[in-house]
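Next up, entry29.cif (mmCIF, C-alpha atoms, pLDDT in the B column; chains and numbers go by the auth columns):
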```
data_entry
loop_
_atom_site.group_PDB
_atom_site.id
_atom_site.type_symbol
_atom_site.label_atom_id
_atom_site.label_comp_id
_atom_site.label_asym_id
_atom_site.label_seq_id
_atom_site.Cartn_x
_atom_site.Cartn_y
_atom_site.Cartn_z
_atom_site.B_iso_or_equiv
_atom_site.auth_seq_id
_atom_site.auth_asym_id
ATOM 1 C CA MET A 1 24.415 -90.981 -99.451 56.00 1 A
ATOM 2 C CA THR A 2 25.163 -94.492 -100.596 67.00 2 A
ATOM 3 C CA THR A 3 25.179 -95.533 -104.229 71.00 3 A
ATOM 4 C CA THR A 4 21.937 -97.433 -103.683 69.00 4 A
ATOM 5 C CA GLY A 5 20.361 -94.364 -102.066 65.00 5 A
ATOM 6 C CA ALA A 6 21.489 -92.137 -104.936 68.00 6 A
ATOM 7 C CA LEU A 7 20.057 -94.552 -107.509 65.00 7 A
ATOM 8 C CA SER A 8 16.769 -94.723 -105.624 63.00 8 A
ATOM 9 C CA ALA A 9 16.535 -90.918 -105.445 62.00 9 A
ATOM 10 C CA ALA A 10 17.321 -90.630 -109.160 60.00 10 A
ATOM 11 C CA ARG A 11 14.598 -93.164 -110.019 63.00 11 A
ATOM 12 C CA GLN A 12 12.028 -91.325 -107.902 59.00 12 A
ATOM 13 C CA ALA A 13 12.877 -88.055 -109.662 57.00 13 A
ATOM 14 C CA VAL A 14 11.837 -89.442 -113.058 63.00 14 A
ATOM 15 C CA VAL A 15 8.962 -91.727 -112.040 66.00 15 A
ATOM 16 C CA GLY A 16 5.524 -90.196 -112.300 64.00 16 A
ATOM 17 C CA ALA A 17 3.477 -90.074 -109.105 74.00 17 A
ATOM 18 C CA TYR A 18 0.363 -88.221 -110.300 83.00 18 A
ATOM 19 C CA ASP A 19 -1.151 -86.549 -113.374 89.00 19 A
ATOM 20 C CA SER A 20 -2.919 -83.229 -113.877 88.00 20 A
ATOM 21 C CA LEU A 21 -3.915 -81.013 -116.763 91.00 21 A
ATOM 22 C CA GLY A 22 -1.699 -78.017 -117.336 90.00 22 A
ATOM 23 C CA SER A 23 0.792 -76.258 -119.574 90.00 23 A
ATOM 24 C CA ILE A 24 4.534 -75.808 -119.924 90.00 24 A
ATOM 25 C CA ALA A 25 6.388 -72.958 -121.591 89.00 25 A
ATOM 26 C CA GLY A 26 9.788 -73.699 -123.044 90.00 26 A
ATOM 27 C CA TRP A 27 11.980 -74.079 -126.088 90.00 27 A
ATOM 28 C CA LEU A 28 11.211 -77.011 -128.366 88.00 28 A
ATOM 29 C CA ASP A 29 14.813 -78.168 -128.613 81.00 29 A
ATOM 30 C CA GLU A 30 14.914 -81.922 -128.929 71.00 30 A
ATOM 31 C CA MET A 31 13.161 -84.335 -131.209 68.00 31 A
ATOM 32 C CA ASN A 32 13.315 -88.117 -131.324 66.00 32 A
ATOM 33 C CA ALA A 33 13.526 -89.055 -134.986 54.00 33 A
ATOM 34 C CA ARG A 34 12.265 -92.558 -134.274 56.00 34 A
ATOM 35 C CA ARG A 35 8.659 -93.206 -133.475 55.00 35 A
ATOM 36 C CA VAL A 36 8.153 -94.778 -130.090 53.00 36 A
ATOM 37 C CA ALA A 37 5.427 -97.193 -129.034 57.00 37 A
ATOM 38 C CA LYS A 38 1.975 -96.640 -130.533 63.00 38 A
ATOM 39 C CA GLY A 39 3.301 -94.226 -133.150 68.00 39 A
ATOM 40 C CA VAL A 40 3.800 -91.234 -130.856 73.00 40 A
ATOM 41 C CA LEU A 41 6.665 -88.765 -131.210 81.00 41 A
ATOM 42 C CA ARG A 42 8.902 -87.530 -128.380 85.00 42 A
ATOM 43 C CA VAL A 43 10.145 -83.973 -128.073 87.00 43 A
ATOM 44 C CA GLY A 44 12.059 -82.027 -125.458 89.00 44 A
ATOM 45 C CA LEU A 45 10.897 -78.745 -123.948 91.00 45 A
ATOM 46 C CA TYR A 46 13.679 -76.790 -122.248 90.00 46 A
ATOM 47 C CA ASP A 47 12.878 -74.063 -119.727 82.00 47 A
ATOM 48 C CA PRO A 48 15.938 -71.795 -119.267 78.00 48 A
ATOM 49 C CA LEU A 49 14.511 -70.312 -116.041 76.00 49 A
ATOM 50 C CA THR A 50 14.429 -73.661 -114.232 79.00 50 A
ATOM 51 C CA ARG A 51 17.241 -75.136 -116.366 85.00 51 A
ATOM 52 C CA ARG A 52 15.168 -78.289 -116.746 85.00 52 A
ATOM 53 C CA ALA A 53 14.072 -80.212 -119.786 87.00 53 A
ATOM 54 C CA VAL A 54 10.758 -82.036 -119.898 89.00 54 A
ATOM 55 C CA THR A 55 9.898 -84.865 -122.265 88.00 55 A
ATOM 56 C CA GLY A 56 6.837 -84.185 -124.372 90.00 56 A
ATOM 57 C CA VAL A 57 4.837 -86.862 -126.148 88.00 57 A
ATOM 58 C CA LEU A 58 2.955 -85.855 -129.306 84.00 58 A
ATOM 59 C CA ALA A 59 0.303 -87.661 -131.299 75.00 59 A
ATOM 60 C CA PRO A 60 1.444 -88.616 -134.837 73.00 60 A
ATOM 61 C CA ASP A 61 -0.961 -86.111 -136.424 77.00 61 A
ATOM 62 C CA MET A 62 0.949 -83.272 -134.715 79.00 62 A
ATOM 63 C CA GLU A 63 4.235 -83.939 -136.540 74.00 63 A
ATOM 64 C CA ALA A 64 3.767 -80.974 -138.913 77.00 64 A
ATOM 65 C CA VAL A 65 3.068 -78.668 -135.974 77.00 65 A
ATOM 66 C CA MET A 66 6.186 -79.879 -134.209 75.00 66 A
ATOM 67 C CA GLN A 67 8.376 -79.223 -137.238 77.00 67 A
ATOM 68 C CA ARG A 68 6.909 -75.727 -137.664 84.00 68 A
ATOM 69 C CA PHE A 69 7.797 -74.792 -134.057 86.00 69 A
ATOM 70 C CA TRP A 70 11.216 -76.483 -133.957 83.00 70 A
ATOM 71 C CA ARG A 71 13.751 -74.428 -131.932 87.00 71 A
ATOM 72 C CA GLN A 72 11.080 -71.904 -130.922 89.00 72 A
ATOM 73 C CA ARG A 73 9.618 -70.866 -127.591 90.00 73 A
ATOM 74 C CA VAL A 74 6.221 -72.564 -127.237 92.00 74 A
ATOM 75 C CA LEU A 75 3.398 -73.205 -124.818 91.00 75 A
ATOM 76 C CA ALA A 76 2.432 -76.881 -124.646 92.00 76 A
ATOM 77 C CA ARG A 77 -0.850 -77.936 -123.024 93.00 77 A
ATOM 78 C CA GLY A 78 -1.916 -81.417 -122.026 93.00 78 A
ATOM 79 C CA LEU A 79 -1.694 -84.084 -119.344 93.00 79 A
ATOM 80 C CA ILE A 80 1.305 -83.391 -117.103 92.00 80 A
ATOM 81 C CA THR A 81 2.957 -86.144 -115.071 92.00 81 A
ATOM 82 C CA ARG A 82 4.764 -85.021 -111.911 90.00 82 A
ATOM 83 C CA ASN A 83 7.081 -86.849 -109.529 87.00 83 A
ATOM 84 C CA LYS A 84 6.512 -87.044 -105.752 85.00 84 A
ATOM 85 C CA ARG A 85 8.118 -83.606 -105.255 83.00 85 A
ATOM 86 C CA GLY A 86 5.733 -82.023 -107.760 84.00 86 A
ATOM 87 C CA GLN A 87 8.369 -81.540 -110.451 84.00 87 A
ATOM 88 C CA ILE A 88 7.204 -82.081 -114.015 87.00 88 A
ATOM 89 C CA VAL A 89 8.515 -85.323 -115.517 87.00 89 A
ATOM 90 C CA ARG A 90 6.670 -85.361 -118.861 90.00 90 A
ATOM 91 C CA ILE A 91 3.679 -83.975 -120.719 92.00 91 A
ATOM 92 C CA ARG A 92 1.338 -85.627 -123.205 92.00 92 A
ATOM 93 C CA ILE A 93 0.841 -82.660 -125.535 91.00 93 A
ATOM 94 C CA ASP A 94 -2.678 -82.048 -126.843 90.00 94 A
ATOM 95 C CA HIS A 95 -2.089 -78.489 -128.069 90.00 95 A
ATOM 96 C CA ILE A 96 1.009 -76.469 -128.848 90.00 96 A
ATOM 97 C CA GLU A 97 1.316 -72.823 -129.820 90.00 97 A
ATOM 98 C CA PRO A 98 4.171 -70.360 -130.345 89.00 98 A
ATOM 99 C CA LEU A 99 5.056 -67.753 -127.724 87.00 99 A
ATOM 100 C CA PRO A 100 6.664 -64.380 -128.457 81.00 100 A
ATOM 101 C CA GLN A 101 10.353 -64.804 -129.214 73.00 101 A
ATOM 102 C CA ASP A 102 11.371 -61.303 -128.191 69.00 102 A
ATOM 103 C CA ASP A 103 10.635 -59.073 -125.210 62.00 103 A
ATOM 104 C CA ASP A 104 8.827 -56.457 -127.335 65.00 104 A
ATOM 105 C CA ARG A 105 5.690 -58.602 -127.606 64.00 105 A
ATOM 106 C CA ARG A 106 5.536 -59.595 -123.906 65.00 106 A
ATOM 107 C CA ALA A 107 3.577 -57.698 -121.277 69.00 107 A
ATOM 108 C CA ALA A 108 5.591 -55.107 -119.384 71.00 108 A
ATOM 109 C CA VAL A 109 6.146 -55.791 -115.684 67.00 109 A
ATOM 110 C CA SER A 110 4.394 -52.519 -114.855 66.00 110 A
ATOM 111 C CA GLU A 111 1.225 -53.879 -116.488 67.00 111 A
ATOM 112 C CA LEU A 112 1.321 -57.014 -114.356 66.00 112 A
ATOM 113 C CA LEU A 113 2.180 -55.498 -110.970 67.00 113 A
ATOM 114 C CA GLY A 114 -0.826 -55.331 -108.696 65.00 114 A
ATOM 115 C CA ALA A 115 -2.910 -57.720 -110.796 66.00 115 A
ATOM 116 C CA ASP A 116 -3.297 -60.021 -107.761 71.00 116 A
ATOM 117 C CA PRO A 117 -2.102 -58.431 -104.517 69.00 117 A
ATOM 118 C CA ASP A 118 -1.981 -61.752 -102.596 74.00 118 A
ATOM 119 C CA TRP A 119 -0.362 -63.776 -105.382 73.00 119 A
ATOM 120 C CA LEU A 120 2.745 -64.413 -103.276 76.00 120 A
ATOM 121 C CA GLY A 121 0.709 -65.684 -100.313 77.00 121 A
ATOM 122 C CA GLY A 122 1.802 -62.926 -97.952 80.00 122 A
ATOM 123 C CA GLN A 123 5.519 -63.385 -98.700 81.00 123 A
ATOM 124 C CA ASP A 124 7.746 -60.631 -99.991 80.00 124 A
ATOM 125 C CA VAL A 125 9.435 -61.217 -103.357 79.00 125 A
ATOM 126 C CA ASP A 126 12.735 -62.436 -101.885 83.00 126 A
ATOM 127 C CA GLU A 127 10.995 -64.984 -99.630 85.00 127 A
ATOM 128 C CA TYR A 128 8.856 -66.200 -102.510 82.00 128 A
ATOM 129 C CA LEU A 129 11.852 -66.640 -104.836 82.00 129 A
ATOM 130 C CA ARG A 130 13.802 -68.551 -102.179 84.00 130 A
ATOM 131 C CA GLU A 131 10.828 -70.881 -101.695 82.00 131 A
ATOM 132 C CA ALA A 132 10.260 -71.324 -105.448 81.00 132 A
ATOM 133 C CA ARG A 133 13.914 -72.112 -106.138 81.00 133 A
ATOM 134 C CA ARG A 134 13.940 -74.755 -103.422 80.00 134 A
ATOM 135 C CA ALA A 135 11.369 -76.822 -105.377 61.00 135 A
#
```

Conversion result in structure tokens:
Amino acid sequence: MTTTGALSAARQAVVGAYDSLGSIAGWLDEMNARRVAKGVLRVGLYDPLTRRAVTGVLAPDMEAVMQRFWRQRVLARGLITRNKRGQIVRIRIDHIEPLPQDDDRRAAVSELLGADPDWLGGQDVDEYLREARRA
């Protein structure tokens, strides 16, 4: 790949192609101390499973909420912007809430198994994981 091709691919990875409502779970691990345009605040949500960080944009009235959940695992809901490959680029956060920090408060796998028999679309677990990790 040429340098120009690499730069083009890198740009496409961070440029939003479409928006949808949704949520992201991750660790609130980065905060921009400066206010950006229109008084919004920027935060980073890191997902250790995908090893990706997503930029979150918060309204100014959510600053206290952000500070309360700093360095915690959270669920952020809002307008998600994805690139052409469907990867999340950023989220405009409308609501944020804490998630359990330890495994004791999470549902056991045995409680979840069988909840939706066709959840993997007919694939076995190994096939599904290979497909999911390719994204």

(request) May I have the residues within 10 Å of range 67-76 of chain A as a PyMOL selection string, using only C-alpha atoms and disregarding those fewer than 3 positions away in the same chain? (result) chain A and resi 22-31+43+45-47+56+62-64+79+91-102

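Here CA of Arg52 in chain A and CA of Arg133 in chain A stand 12.3 Å from one another.
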
(request) In Å, rounded to a single decimal, give me how far CA of Gly78 in chain A is from CA of Leu58 in chain A. (result)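 Distance reported for this atom pair: 9.8 Å.
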
(request) Work out how far apart CA of Leu120 in chain A and CA of Arg77 in chain A are and give it in Å to one decimal. (result)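 Going from CA of Leu120 in chain A over to CA of Arg77 in chain A covers 24.2 Å.
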
(message) Given the PyMOL selection byres ((chain A and resi 41) around 6) and the file above, list the residues it selects as a count of residues only.
(response) 5

(message) When you look at Arg82 in chain A with a cut-off of 6 Å (counting all atoms listed in the file), what residues show up, excluding the ones that are within fewer than 5 positions of it in the same chain? I need them as a list in words.
(response)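 So, after excluding close chain neighbours, the residues are Gly16, Ala17, Tyr18, Gln87, Ile88 and Val89 of chain A.
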
3 Å per side around range 64-82 of chain A: axis-aligned box centre and edge lengths, as JSON:
```
{"center_x": 5.9, "center_y": -78.5, "center_z": -125.4, "size_x": 21.7, "size_y": 21.3, "size_z": 33.0}
```

(request) Counting all atoms listed in the file, figure out which residue out of A:Ala132, A:Ala108, A:Gly122, A:Asp19 gets nearest to Lys84 in chain A. (result)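 Under the stated criterion, the closest residue is A:Asp19.
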